[in-house]
Structure formats: structure tokens, C-alpha cells
file structure_29.tsv (TSV, C-alpha atoms and all ligand atoms)
chain	number	residue	atom	x	y	z
A	1	MET	CA	-1.27	6.29	11.02
A	2	LYS	CA	-4.96	6.63	10.18
A	3	ILE	CA	-5.96	5.43	6.73
A	4	VAL	CA	-9.04	7.09	5.27
A	5	HIS	CA	-10.72	6.70	1.91
A	6	THR	CA	-13.56	9.22	1.89
A	7	ILE	CA	-13.38	13.01	1.92
A	8	THR	CA	-15.70	13.11	4.95
A	9	ASP	CA	-13.46	10.76	6.96
A	10	LEU	CA	-10.39	12.76	5.95
A	11	ARG	CA	-11.96	16.01	7.12
A	12	ASP	CA	-13.07	14.38	10.41
A	13	GLN	CA	-9.49	13.26	11.05
A	14	LEU	CA	-8.12	16.71	10.27
A	15	ALA	CA	-10.76	18.65	12.25
A	16	PRO	CA	-8.57	19.22	15.35
A	17	PHE	CA	-5.67	20.59	13.33
A	18	GLN	CA	-4.89	24.09	12.05
A	19	ARG	CA	-2.14	23.63	9.53
A	20	PRO	CA	-1.84	20.38	7.57
A	21	ALA	CA	1.42	19.49	5.86
A	22	PHE	CA	0.69	17.52	2.70
A	23	VAL	CA	2.48	15.31	0.17
A	24	ALA	CA	0.43	14.10	-2.81
A	25	THR	CA	1.58	10.88	-4.48
A	26	MET	CA	0.43	8.24	-6.91
A	27	GLY	CA	1.91	5.53	-4.65
A	28	ASN	CA	4.73	3.10	-5.43
A	29	LEU	CA	6.69	5.15	-2.93
A	30	HIS	CA	10.46	5.44	-3.14
A	31	ASP	CA	13.03	7.30	-1.04
A	32	GLY	CA	12.24	10.54	-2.91
A	33	HIS	CA	8.63	10.47	-1.65
A	34	ILE	CA	9.73	9.61	1.88
A	35	ALA	CA	12.23	12.47	1.85
A	36	LEU	CA	9.35	14.81	0.95
A	37	VAL	CA	7.29	13.45	3.86
A	38	ASN	CA	10.23	13.93	6.25
A	39	GLN	CA	10.74	17.51	5.09
A	40	ALA	CA	7.04	18.32	5.08
A	41	LYS	CA	6.33	17.06	8.62
A	42	PRO	CA	7.76	20.06	10.50
A	43	LEU	CA	5.86	22.47	8.22
A	44	GLY	CA	2.47	21.67	9.76
A	45	ASP	CA	0.73	20.31	12.84
A	46	VAL	CA	-0.45	17.11	11.11
A	47	MET	CA	1.23	15.19	8.29
A	48	VAL	CA	-1.07	14.02	5.49
A	49	ALA	CA	-0.04	11.96	2.45
A	50	SER	CA	-2.31	10.89	-0.38
A	51	ILE	CA	-2.11	7.94	-2.73
A	52	PHE	CA	-4.26	8.26	-5.82
A	53	VAL	CA	-3.42	7.20	-9.38
A	54	ASN	CA	-5.17	9.99	-11.21
A	55	ARG	CA	-6.75	8.79	-14.44
A	56	LEU	CA	-7.26	12.41	-15.59
A	57	GLN	CA	-3.55	12.96	-16.15
A	58	PHE	CA	-2.99	9.87	-18.31
A	59	ALA	CA	-3.68	9.83	-22.05
A	60	PRO	CA	-5.50	6.70	-23.28
A	61	HIS	CA	-2.26	5.22	-24.70
A	62	GLU	CA	-0.30	5.85	-21.47
A	63	ASP	CA	0.39	3.59	-18.49
A	64	PHE	CA	-2.62	4.22	-16.21
A	65	ASP	CA	-3.55	0.50	-16.06
A	66	THR	CA	0.00	-0.74	-15.54
A	67	TYR	CA	1.18	2.07	-13.23
A	68	PRO	CA	2.77	0.20	-10.27
A	69	ARG	CA	0.39	-0.18	-7.33
A	70	THR	CA	2.18	-1.32	-4.15
A	71	TRP	CA	-0.36	-0.60	-1.42
A	72	GLU	CA	1.02	-2.71	1.48
A	73	ALA	CA	4.62	-1.54	1.04
A	74	ASP	CA	3.47	2.09	0.66
A	75	CYS	CA	1.49	1.95	3.92
A	76	GLU	CA	4.47	0.48	5.76
A	77	ARG	CA	6.82	3.16	4.42
A	78	LEU	CA	4.47	6.02	5.32
A	79	GLN	CA	3.82	4.59	8.78
A	80	ALA	CA	7.59	4.24	9.39
A	81	ALA	CA	8.13	7.83	8.19
A	82	GLY	CA	5.71	9.14	10.81
A	83	CYS	CA	2.87	10.13	8.51
A	84	ASP	CA	-0.28	10.82	10.58
A	85	VAL	CA	-3.03	10.44	7.99
A	86	LEU	CA	-3.03	8.57	4.66
A	87	PHE	CA	-5.78	9.67	2.31
A	88	ALA	CA	-6.32	6.94	-0.30
A	89	PRO	CA	-9.54	7.77	-2.10
A	90	ARG	CA	-11.08	5.29	-4.50
A	91	GLU	CA	-11.94	6.74	-7.88
A	92	THR	CA	-15.57	6.97	-6.82
A	93	ASP	CA	-14.58	8.96	-3.70
A	94	LEU	CA	-12.67	11.62	-5.59
A	95	TYR	CA	-14.67	11.55	-8.82
A	96	PRO	CA	-18.18	10.38	-7.82
A	97	GLU	CA	-19.40	11.86	-11.08
A	98	PRO	CA	-17.37	12.79	-14.19
A	99	GLN	CA	-15.07	15.69	-13.27
A	100	THR	CA	-16.37	18.18	-15.82
A	101	TYR	CA	-15.13	21.27	-13.94
A	102	LYS	CA	-11.40	21.36	-14.52
A	103	VAL	CA	-8.43	23.62	-13.89
A	104	HIS	CA	-6.82	24.63	-17.20
A	105	PRO	CA	-3.40	26.13	-16.56
A	106	PRO	CA	-2.25	28.81	-19.05
A	107	ALA	CA	-0.95	27.49	-22.37
A	108	GLU	CA	2.33	29.40	-22.17
A	109	LEU	CA	3.26	27.32	-19.14
A	110	ALA	CA	1.27	24.12	-19.61
A	111	ASP	CA	1.51	23.47	-23.37
A	112	ILE	CA	5.30	23.57	-23.57
A	113	LEU	CA	7.83	20.82	-22.73
A	114	GLU	CA	5.88	18.05	-20.92
A	115	GLY	CA	2.56	19.59	-21.96
A	116	HIS	CA	3.61	19.61	-25.61
A	117	PHE	CA	4.38	15.90	-25.58
A	118	ARG	CA	1.55	14.99	-23.16
A	119	PRO	CA	-1.38	17.22	-24.19
A	120	GLY	CA	-3.83	17.74	-21.34
A	121	PHE	CA	-1.42	16.34	-18.76
A	122	PHE	CA	-1.25	19.52	-16.70
A	123	THR	CA	-5.00	19.99	-16.79
A	124	GLY	CA	-5.28	16.52	-15.24
A	125	VAL	CA	-2.59	17.29	-12.67
A	126	SER	CA	-3.93	20.75	-11.77
A	127	THR	CA	-7.48	19.47	-11.45
A	128	VAL	CA	-6.60	16.62	-9.10
A	129	VAL	CA	-4.22	18.75	-7.05
A	130	MET	CA	-6.88	21.45	-6.67
A	131	LYS	CA	-9.35	18.79	-5.55
A	132	LEU	CA	-6.88	17.16	-3.14
A	133	PHE	CA	-6.07	20.62	-1.74
A	134	SER	CA	-9.77	21.21	-1.24
A	135	CYS	CA	-10.09	17.85	0.58
A	136	VAL	CA	-7.08	18.49	2.85
A	137	PHE	CA	-7.04	22.25	3.40
A	138	ALA	CA	-10.65	23.49	3.17
A	139	GLY	CA	-11.44	25.57	6.25
A	140	LYS	CA	-7.83	25.64	7.44
A	141	PRO	CA	-6.16	29.02	8.00
A	142	SER	CA	-3.00	27.77	6.28
A	143	GLY	CA	-1.05	24.75	5.14
A	144	ALA	CA	2.04	23.53	3.33
A	145	ALA	CA	2.47	21.08	0.47
A	146	MET	CA	5.73	19.64	-0.83
A	147	PHE	CA	6.33	18.62	-4.45
A	148	GLY	CA	9.51	17.11	-5.86
A	149	LYS	CA	11.59	19.19	-8.23
A	150	LYS	CA	12.05	16.21	-10.55
A	151	ASP	CA	8.68	17.31	-11.94
A	152	TYR	CA	9.97	20.85	-12.38
A	153	GLN	CA	7.18	22.15	-14.60
A	154	GLN	CA	4.56	20.58	-12.34
A	155	VAL	CA	5.90	22.43	-9.29
A	156	MET	CA	5.82	25.71	-11.18
A	157	ILE	CA	2.28	25.19	-12.45
A	158	ILE	CA	0.96	24.24	-9.01
A	159	ARG	CA	2.72	27.18	-7.40
A	160	ARG	CA	1.11	29.61	-9.89
A	161	MET	CA	-2.29	27.96	-9.43
A	162	VAL	CA	-2.08	28.48	-5.69
A	163	GLN	CA	-1.06	32.12	-6.20
A	164	GLN	CA	-3.84	32.84	-8.70
A	165	PHE	CA	-6.56	31.23	-6.58
A	166	ALA	CA	-5.15	32.83	-3.40
A	167	LEU	CA	-5.02	29.49	-1.59
A	168	PRO	CA	-3.36	29.83	1.82
A	169	ILE	CA	-0.94	27.00	1.08
A	170	ASP	CA	2.85	27.25	0.97
A	171	ILE	CA	4.17	25.24	-1.98
A	172	VAL	CA	7.60	23.96	-1.03
A	173	PRO	CA	9.83	22.30	-3.64
A	174	GLY	CA	11.93	19.29	-2.59
A	175	GLU	CA	15.28	18.42	-4.16
A	176	THR	CA	15.44	15.41	-6.49
A	177	LEU	CA	16.83	12.27	-4.90
A	178	ARG	CA	19.20	10.23	-7.07
A	179	ALA	CA	20.51	6.69	-7.11
A	180	ALA	CA	24.25	6.22	-6.53
A	181	ASP	CA	24.95	6.48	-10.29
A	182	GLY	CA	22.95	9.71	-10.63
A	183	LEU	CA	19.63	8.44	-11.99
A	184	ALA	CA	16.75	10.50	-10.58
A	185	LEU	CA	14.46	8.32	-8.43
A	186	SER	CA	11.11	7.70	-10.12
A	187	SER	CA	8.38	5.10	-9.89
A	188	ARG	CA	8.79	4.52	-13.63
A	189	ASN	CA	12.42	3.38	-13.12
A	190	GLY	CA	10.85	0.08	-12.11
A	191	TYR	CA	9.86	-0.47	-15.74
A	192	LEU	CA	13.53	-0.61	-16.82
A	193	HIS	CA	15.15	-4.01	-17.32
A	194	ALA	CA	18.78	-4.48	-16.20
A	195	LEU	CA	20.50	-3.21	-19.37
A	196	GLU	CA	18.17	-0.22	-19.58
A	197	ARG	CA	18.71	0.54	-15.91
A	198	ALA	CA	22.48	0.69	-16.50
A	199	GLU	CA	21.94	3.02	-19.47
A	200	ALA	CA	19.34	5.24	-17.79
A	201	VAL	CA	21.89	7.48	-16.04
A	202	GLN	CA	22.85	8.83	-19.47
A	203	LEU	CA	19.86	11.18	-19.37
A	204	SER	CA	21.18	13.07	-16.33
A	205	ARG	CA	24.70	12.98	-17.84
A	206	ALA	CA	23.39	14.50	-21.07
A	207	LEU	CA	21.63	17.27	-19.11
A	208	LYS	CA	24.80	18.01	-17.17
A	209	ALA	CA	26.91	18.10	-20.35
A	210	LEU	CA	24.37	20.37	-22.07
A	211	GLY	CA	24.31	22.73	-19.08
A	212	GLU	CA	28.09	22.94	-18.96
A	213	ALA	CA	28.35	23.50	-22.71
A	214	ALA	CA	25.68	26.22	-22.61
A	215	ARG	CA	27.43	28.07	-19.81
A	216	ALA	CA	30.88	27.65	-21.42
A	217	GLN	CA	30.04	28.31	-25.07
A	218	GLY	CA	27.31	30.90	-24.69
A	219	LEU	CA	23.57	30.96	-25.05
A	220	ASP	CA	23.71	32.07	-28.69
A	221	LYS	CA	24.83	28.50	-29.51
A	222	LEU	CA	21.97	26.95	-27.58
A	223	GLU	CA	19.95	25.53	-30.47
A	224	ALA	CA	22.98	23.69	-31.87
A	225	LEU	CA	24.00	22.45	-28.41
A	226	GLU	CA	20.49	21.16	-27.70
A	227	ALA	CA	20.35	19.37	-31.06
A	228	GLN	CA	23.74	17.82	-30.36
A	229	ALA	CA	22.64	16.62	-26.92
A	230	MET	CA	19.57	14.97	-28.47
A	231	GLN	CA	21.78	13.31	-31.08
A	232	VAL	CA	24.10	11.90	-28.43
A	233	LEU	CA	21.16	10.20	-26.71
A	234	SER	CA	19.63	9.06	-30.02
A	235	ALA	CA	22.94	7.45	-30.98
A	236	ARG	CA	22.77	5.43	-27.74
A	237	GLY	CA	19.33	4.10	-28.63
A	238	TRP	CA	17.12	6.65	-26.83
A	239	THR	CA	14.18	8.52	-28.36
A	240	PRO	CA	14.47	12.01	-26.89
A	241	ASP	CA	11.42	14.29	-26.76
A	242	TYR	CA	13.40	17.35	-25.67
A	243	LEU	CA	16.66	18.39	-24.03
A	244	THR	CA	16.60	22.10	-23.53
A	245	VAL	CA	17.91	25.01	-21.47
A	246	ARG	CA	15.21	27.32	-20.09
A	247	ARG	CA	14.84	30.21	-17.68
A	248	ARG	CA	13.90	28.99	-14.21
A	249	ALA	CA	11.46	31.89	-13.85
A	250	ASP	CA	9.05	30.95	-16.66
A	251	LEU	CA	10.57	27.99	-18.56
A	252	LEU	CA	10.96	30.10	-21.69
A	253	PRO	CA	14.18	30.02	-23.74
A	254	PRO	CA	16.79	32.38	-22.29
A	255	GLY	CA	17.78	35.57	-24.09
A	256	THR	CA	21.22	35.38	-25.62
A	257	THR	CA	22.58	38.21	-23.50
A	258	GLY	CA	21.32	37.30	-20.01
A	259	ALA	CA	24.02	34.70	-19.36
A	260	ALA	CA	23.82	35.24	-15.61
A	261	GLU	CA	20.11	34.54	-15.19
A	262	PRO	CA	19.10	31.35	-13.32
A	263	LEU	CA	18.58	28.55	-15.81
A	264	VAL	CA	17.45	24.95	-15.75
A	265	VAL	CA	18.21	22.16	-18.20
A	266	LEU	CA	15.20	19.92	-18.73
A	267	GLY	CA	14.92	16.66	-20.60
A	268	ALA	CA	12.53	13.86	-21.45
A	269	ALA	CA	13.46	10.77	-23.42
A	270	ARG	CA	12.22	7.27	-24.01
A	271	LEU	CA	14.43	4.28	-23.34
A	272	GLY	CA	12.73	1.21	-24.76
A	273	THR	CA	9.12	1.68	-23.69
A	274	THR	CA	9.94	3.76	-20.60
A	275	ARG	CA	9.72	7.55	-20.73
A	276	LEU	CA	12.05	9.25	-18.23
A	277	ILE	CA	12.27	12.94	-17.31
A	278	ASP	CA	14.91	14.83	-15.37
A	279	ASN	CA	16.29	18.34	-14.92
A	280	LEU	CA	19.23	20.20	-13.49
A	281	GLU	CA	19.41	23.81	-12.30
A	282	ILE	CA	22.50	25.55	-13.66
B	1	LIG	O1	3.65	13.93	-9.17
B	1	LIG	C1	2.73	13.11	-9.02
B	1	LIG	O2	2.92	12.01	-8.49
B	1	LIG	C2	1.34	13.47	-9.51
B	1	LIG	O3	1.39	14.25	-10.66
B	1	LIG	C3	0.47	14.14	-8.43
B	1	LIG	C4	1.04	15.49	-8.02
B	1	LIG	C5	0.38	13.23	-7.21
B	1	LIG	C6	-0.94	14.40	-8.97
B	1	LIG	O4	-1.57	13.21	-9.34

call {"tool": "encode", "arguments": {"input": "structure_29.tsv", "output": "C-alpha cells"}}
result
Amino acid sequence: MKIVHTITDLRDQLAPFQRPAFVATMGNLHDGHIALVNQAKPLGDVMVASIFVNRLQFAPHEDFDTYPRTWEADCERLQAAGCDVLFAPRETDLYPEPQTYKVHPPAELADILEGHFRPGFFTGVSTVVMKLFSCVFAGKPSGAAMFGKKDYQQVMIIRRMVQQFALPIDIVPGETLRAADGLALSSRNGYLHALERAEAVQLSRALKALGEAARAQGLDKLEALEAQAMQVLSARGWTPDYLTVRRRADLLPPGTTGAAEPLVVLGAARLGTTRLIDNLEI
């Protein structure tokens, strides 16, 4: 595996190839990231992963400084997974000057759910992903990039961005990997101490229960069911931001009559100082 830090070196490495397959990460790689790499590999003629903790998507009070950085272990895992090129830009490589040109995704998609509780988050994500895409795919006839469905709203926003800018990149969603008890794998799970780790699975259980109740009792009861689901978590010591049933197509609340339309239950809640997110398609 070649490790490159600058955009020029990355493009030199990729020059012989026609169709990169790409997985963007912020490092601290777990099995979910490696599964994405394994699934992405056959989608291109060279496998590229990036590690970059993107300051633009963290609010000042969030965990940019403490976000886990595990460089040696990450390199070993990517090498073992058969990654060809690791792009690990320093901040000065990706943002040599303040990034004043930004991608602002539309409010109806980016200011709800995660974007409501983390204002500006999706501008930070979209901007860095657009820039990483430009580093990896510029001049290529086509490419593929995989993103995990655990960040459901992120996948949707990136997919729309690629459509709107007519980028020749296939955005492929990867299923969420879970621990044996059902907790979605996430780098932030590492923040949980033992008691919190045992409790953490309750988020996915609450989403499952909410999804089942919504399907069984009808979408006209949704507001009450969502409030109840939040109360259940609150009573266990969580601070929920949202637990909600939305349409998969646009993440808006479902109509009360369209019971058969594809839905997704999404949730975000804080356990101690750790904020976890998860979702379940129903
Ligand atoms: O999902 C992530 O890890 C990040 O949001 C991403 C896509 C690597 C952009 O920094």
C-alpha cells in the first residue's frame, strides 16, 4: 500500500488508473470501515482510502481535538484489507488556505435531524467530500465511492451532491455493521466506559421498537410513539436529540395514509458525554 500525503502525490499514484474505488474515513478504523473497503475494491481498478479528521465538520464545542487518532493500527488494517493507496493529507495539504468556497447542501435536507442539532455539519462534510472527490477522481472517466448507512443522512446528501454536480461517481451505500449485542459500530463507541457500553445497545432497541409500533399502530400515531420512545431512553438516563420515523426518499415525515412507503427510523442520543446515532430501515 502506498501512503501519500499531498494531492500531487495522490494524483501521480492514480495516474495509470481509470476508475478509482474510494472510501473516505476519519481514521480510527473499525470492522465497518474495513467492510466498506472490501466491498468497494471490486468496484474500481484501484482502491483508495483516505484518513482525514475534518475540522470543518466539527463545531467548536465538539470532539475535534479528542477524536481518536490511531495511525499505526489504521495503516495495518488498510494494508491487510488490500487497500492500494492511502491518502492521508495534513491539514495544510487539504486546506493550504482557509476553505472559503464551500458546498452548502439544501436546508430541507441538511438542516433537519443531524443538521438541526449540529448546525453547519453537512456543509463541513459536503465541502470535504467534494474536495476529496476532486483529489481522487479529477480527470477520471468514472469512479465509485462507498459510504456507510449508519450515517444515513450523510449518504443521502452526498448522493444528491454528486447528482447535482454531475460527478461521474457511483455512490454506493454499505450496510451498518453491528456488535454482537446490536450496537452499531462507530469510532465514538470507544468513548463509552463499561457500564455505558452495556447500555448503548438500547438506542438500536428503541429504534426497532419504534419502527414496529409505527407499522403496527399506524402512522397517525407517530408523534405520540416518537415522544414515548424518547421518554423510554430518557428514563434510562439518556438525553435523546431525536427518535423519528421518516420517508427513506427525502427524510421528511411520512404522510398518514402511505403506510406502505419505504421508511427509516433514525435516532441520536447522548449517553453520558458520548453522542450516538443509529437508524433502521423499516
Ligand atoms: O463519515 C465520516 O467519517 C466523515 O463524515 C467523512 C465522510 C469521512 C467526511 O469527513

call {"tool": "residues_near_ligand", "arguments": {"input": "structure_29.tsv", "ligand": "ligand LIG 1 (chain B)", "cutoff": "8 Å", "atoms": "only C-alpha atoms and all ligand atoms", "output": "PyMOL selection string"}}
result
chain A and resi 23-27+50-54+57+124-126+128-129+147-148+151+154

call {"tool": "atom_distance", "arguments": {"input": "structure_29.tsv", "atom1": "atom CA of A:Pro262", "atom2": "atom CA of A:Val172"}}
result
18.4 Å

call {"tool": "axis_aligned_box", "arguments": {"input": "structure_29.tsv", "around": "stretch 151-161 of chain A", "padding_each_side": "5 Å", "output": "AutoDock Vina command-line options"}}
result
--center_x 3.8 --center_y 23.5 --center_z -11.0 --size_x 22.3 --size_y 22.3 --size_z 17.2

call {"tool": "residues_around", "arguments": {"input": "structure_29.tsv", "residues": "stretch 204-208 of chain A", "least_positions_apart": "4", "cutoff": "7 Å", "atoms": "only C-alpha atoms", "output": "list of chain:residue names"}}
result
A:Gly182, A:Leu183, A:Glu212, A:Ala229, A:Val265, A:Leu266, A:Gly267, A:Asp278, A:Asn279, A:Leu280

call {"tool": "atom_distance", "arguments": {"input": "structure_29.tsv", "atom1": "atom CA of A:His193", "atom2": "atom CA of A:Leu276"}}
result
13.6 Å

call {"tool": "closest_residue", "arguments": {"input": "structure_29.tsv", "among": "A:Arg215, A:Ala269, A:Met230, A:Gln153", "to": "A:Ala200", "atoms": "all atoms listed in the file"}}
result
A:Ala269

call {"tool": "atom_distance", "arguments": {"input": "structure_29.tsv", "atom1": "atom CA of A:Arg246", "atom2": "atom CA of A:Ile282"}}
result
9.9 Å

call {"tool": "closest_residue", "arguments": {"input": "structure_29.tsv", "among": "A:Lys150, A:Gly272, A:Thr176, A:Val155", "to": "A:Ala194", "atoms": "only C-alpha atoms"}}
result
A:Gly272

call {"tool": "residues_near_point", "arguments": {"input": "structure_29.tsv", "point": "(10.7, -2.4, -15.2)", "cutoff": "12 Å", "atoms": "all atoms listed in the file", "output": "PyMOL selection string"}}
result
chain A and resi 66-68+186-197+200+271-275

call {"tool": "closest_atom_pairs", "arguments": {"input": "structure_29.tsv", "of": "stretch 106-203 of chain A", "to": "stretch 252-256 of chain A", "cutoff": "12 Å", "atoms": "only C-alpha atoms", "output": "tab-separated table"}}
result
residue	atom	partner	partner_atom	distance
A:Glu108	CA	A:Leu252	CA	8.7
A:Leu109	CA	A:Leu252	CA	8.6
A:Ala110	CA	A:Leu252	CA	11.6
A:Asp111	CA	A:Leu252	CA	11.7
A:Ile112	CA	A:Leu252	CA	8.8
A:Leu113	CA	A:Leu252	CA	9.8
A:Gln153	CA	A:Leu252	CA	11.3

call {"tool": "write_last_selection", "arguments": {"input": "structure_29.tsv", "atoms": "C-alpha atoms", "output": "short mmCIF file (atom, residue, chain, number, x, y, z; two decimals), keeping the file's coordinate frame"}}
result
data_model
loop_
_atom_site.label_atom_id
_atom_site.label_comp_id
_atom_site.auth_asym_id
_atom_site.auth_seq_id
_atom_site.Cartn_x
_atom_site.Cartn_y
_atom_site.Cartn_z
CA GLU A 108 2.33 29.40 -22.17
CA LEU A 109 3.26 27.32 -19.14
CA ALA A 110 1.27 24.12 -19.61
CA ASP A 111 1.51 23.47 -23.37
CA ILE A 112 5.30 23.57 -23.57
CA LEU A 113 7.83 20.82 -22.73
CA GLN A 153 7.18 22.15 -14.60
#

call {"tool": "closest_residue", "arguments": {"input": "structure_29.tsv", "among": "A:Ile169, A:Ala35, A:Leu210, A:Trp238", "to": "A:Glu226", "atoms": "all atoms listed in the file"}}
result
A:Leu210

call {"tool": "closest_residue", "arguments": {"input": "structure_29.tsv", "among": "A:Tyr95, A:Glu199, A:Ala260, A:Lys41", "to": "A:Ala214", "atoms": "all atoms listed in the file"}}
result
A:Ala260

call {"tool": "closest_residue", "arguments": {"input": "structure_29.tsv", "among": "A:Val162, A:Ala184, A:Leu225, A:Leu132", "to": "A:Leu94", "atoms": "all atoms listed in the file"}}
result
A:Leu132

call {"tool": "closest_residue", "arguments": {"input": "structure_29.tsv", "among": "A:Glu97, A:Asp74, A:Asp12, A:Glu281", "to": "A:His30", "atoms": "all atoms listed in the file"}}
result
A:Asp74

call {"tool": "residues_around", "arguments": {"input": "structure_29.tsv", "residues": "A:Pro98", "least_positions_apart": "5", "cutoff": "12 Å", "atoms": "all atoms listed in the file", "output": "count of residues only"}}
result
5

call {"tool": "residues_near_point", "arguments": {"input": "structure_29.tsv", "point": "(22.6, 10.8, -24.8)", "cutoff": "6 Å", "atoms": "only C-alpha atoms", "output": "VMD selection string"}}
result
chain A and resid 202 206 232 to 233

call {"tool": "residues_around", "arguments": {"input": "structure_29.tsv", "residues": "A:Pro141", "least_positions_apart": "6", "cutoff": "8 Å", "atoms": "all atoms listed in the file", "output": "NGL selection string"}}
result
:A and (18-19 or 168)

call {"tool": "residues_around", "arguments": {"input": "structure_29.tsv", "residues": "A:Leu14", "least_positions_apart": "5", "cutoff": "9 Å", "atoms": "all atoms listed in the file", "output": "count of residues only"}}
result
7

call {"tool": "build_atoms", "arguments": {"input": "structure_29.tsv", "residues": "stretch 49-73 of chain A", "atoms": "N, CA and C atoms", "output": "PDB file, keeping the file's coordinate frame"}}
result
ATOM      1  N   ALA A  49      -0.496  12.377   3.786  1.00  0.00           N
ATOM      2  CA  ALA A  49      -0.040  11.960   2.450  1.00  0.00           C
ATOM      3  C   ALA A  49      -1.258  11.405   1.717  1.00  0.00           C
ATOM      4  N   SER A  50      -1.237  11.522   0.396  1.00  0.00           N
ATOM      5  CA  SER A  50      -2.310  10.890  -0.380  1.00  0.00           C
ATOM      6  C   SER A  50      -1.704   9.917  -1.375  1.00  0.00           C
ATOM      7  N   ILE A  51      -2.454   8.867  -1.649  1.00  0.00           N
ATOM      8  CA  ILE A  51      -2.110   7.940  -2.730  1.00  0.00           C
ATOM      9  C   ILE A  51      -3.330   7.865  -3.628  1.00  0.00           C
ATOM     10  N   PHE A  52      -3.145   8.305  -4.866  1.00  0.00           N
ATOM     11  CA  PHE A  52      -4.260   8.260  -5.820  1.00  0.00           C
ATOM     12  C   PHE A  52      -3.666   8.280  -7.226  1.00  0.00           C
ATOM     13  N   VAL A  53      -3.885   7.228  -7.979  1.00  0.00           N
ATOM     14  CA  VAL A  53      -3.420   7.200  -9.380  1.00  0.00           C
ATOM     15  C   VAL A  53      -4.517   7.880 -10.191  1.00  0.00           C
ATOM     16  N   ASN A  54      -4.161   9.074 -10.667  1.00  0.00           N
ATOM     17  CA  ASN A  54      -5.170   9.990 -11.210  1.00  0.00           C
ATOM     18  C   ASN A  54      -5.367   9.776 -12.708  1.00  0.00           C
ATOM     19  N   ARG A  55      -6.451   9.112 -13.035  1.00  0.00           N
ATOM     20  CA  ARG A  55      -6.750   8.790 -14.440  1.00  0.00           C
ATOM     21  C   ARG A  55      -6.728  10.030 -15.338  1.00  0.00           C
ATOM     22  N   LEU A  56      -7.134  11.189 -14.773  1.00  0.00           N
ATOM     23  CA  LEU A  56      -7.260  12.410 -15.590  1.00  0.00           C
ATOM     24  C   LEU A  56      -5.946  12.875 -16.199  1.00  0.00           C
ATOM     25  N   GLN A  57      -4.815  12.453 -15.622  1.00  0.00           N
ATOM     26  CA  GLN A  57      -3.550  12.960 -16.150  1.00  0.00           C
ATOM     27  C   GLN A  57      -2.844  11.955 -17.064  1.00  0.00           C
ATOM     28  N   PHE A  58      -3.542  10.860 -17.395  1.00  0.00           N
ATOM     29  CA  PHE A  58      -2.990   9.870 -18.310  1.00  0.00           C
ATOM     30  C   PHE A  58      -3.759   9.933 -19.629  1.00  0.00           C
ATOM     31  N   ALA A  59      -3.030   9.962 -20.738  1.00  0.00           N
ATOM     32  CA  ALA A  59      -3.680   9.830 -22.050  1.00  0.00           C
ATOM     33  C   ALA A  59      -4.074   8.360 -22.223  1.00  0.00           C
ATOM     34  N   PRO A  60      -5.033   8.084 -23.125  1.00  0.00           N
ATOM     35  CA  PRO A  60      -5.500   6.700 -23.280  1.00  0.00           C
ATOM     36  C   PRO A  60      -4.379   5.703 -23.614  1.00  0.00           C
ATOM     37  N   HIS A  61      -3.324   6.161 -24.335  1.00  0.00           N
ATOM     38  CA  HIS A  61      -2.260   5.220 -24.700  1.00  0.00           C
ATOM     39  C   HIS A  61      -1.192   5.116 -23.603  1.00  0.00           C
ATOM     40  N   GLU A  62      -1.342   5.857 -22.512  1.00  0.00           N
ATOM     41  CA  GLU A  62      -0.300   5.850 -21.470  1.00  0.00           C
ATOM     42  C   GLU A  62      -0.565   4.746 -20.436  1.00  0.00           C
ATOM     43  N   ASP A  63       0.279   4.753 -19.363  1.00  0.00           N
ATOM     44  CA  ASP A  63       0.390   3.590 -18.490  1.00  0.00           C
ATOM     45  C   ASP A  63      -0.518   3.626 -17.257  1.00  0.00           C
ATOM     46  N   PHE A  64      -1.741   4.191 -17.384  1.00  0.00           N
ATOM     47  CA  PHE A  64      -2.620   4.220 -16.210  1.00  0.00           C
ATOM     48  C   PHE A  64      -2.867   2.804 -15.652  1.00  0.00           C
ATOM     49  N   ASP A  65      -3.186   1.842 -16.529  1.00  0.00           N
ATOM     50  CA  ASP A  65      -3.550   0.500 -16.060  1.00  0.00           C
ATOM     51  C   ASP A  65      -2.357  -0.230 -15.443  1.00  0.00           C
ATOM     52  N   THR A  66      -1.176   0.017 -16.007  1.00  0.00           N
ATOM     53  CA  THR A  66       0.000  -0.740 -15.540  1.00  0.00           C
ATOM     54  C   THR A  66       0.820   0.042 -14.509  1.00  0.00           C
ATOM     55  N   TYR A  67       0.414   1.272 -14.184  1.00  0.00           N
ATOM     56  CA  TYR A  67       1.180   2.070 -13.230  1.00  0.00           C
ATOM     57  C   TYR A  67       1.329   1.240 -11.934  1.00  0.00           C
ATOM     58  N   PRO A  68       2.560   1.124 -11.394  1.00  0.00           N
ATOM     59  CA  PRO A  68       2.770   0.200 -10.270  1.00  0.00           C
ATOM     60  C   PRO A  68       1.948   0.569  -9.029  1.00  0.00           C
ATOM     61  N   ARG A  69       1.201  -0.393  -8.537  1.00  0.00           N
ATOM     62  CA  ARG A  69       0.390  -0.180  -7.330  1.00  0.00           C
ATOM     63  C   ARG A  69       0.910  -1.115  -6.252  1.00  0.00           C
ATOM     64  N   THR A  70       1.473  -0.538  -5.183  1.00  0.00           N
ATOM     65  CA  THR A  70       2.180  -1.320  -4.150  1.00  0.00           C
ATOM     66  C   THR A  70       1.650  -0.895  -2.778  1.00  0.00           C
ATOM     67  N   TRP A  71       0.373  -1.138  -2.570  1.00  0.00           N
ATOM     68  CA  TRP A  71      -0.360  -0.600  -1.420  1.00  0.00           C
ATOM     69  C   TRP A  71       0.267  -0.965  -0.074  1.00  0.00           C
ATOM     70  N   GLU A  72       0.524  -2.282   0.152  1.00  0.00           N
ATOM     71  CA  GLU A  72       1.020  -2.710   1.480  1.00  0.00           C
ATOM     72  C   GLU A  72       2.359  -2.042   1.787  1.00  0.00           C
ATOM     73  N   ALA A  73       3.282  -2.109   0.823  1.00  0.00           N
ATOM     74  CA  ALA A  73       4.620  -1.540   1.040  1.00  0.00           C
ATOM     75  C   ALA A  73       4.518  -0.026   1.254  1.00  0.00           C
TER      76      ALA A  73
END
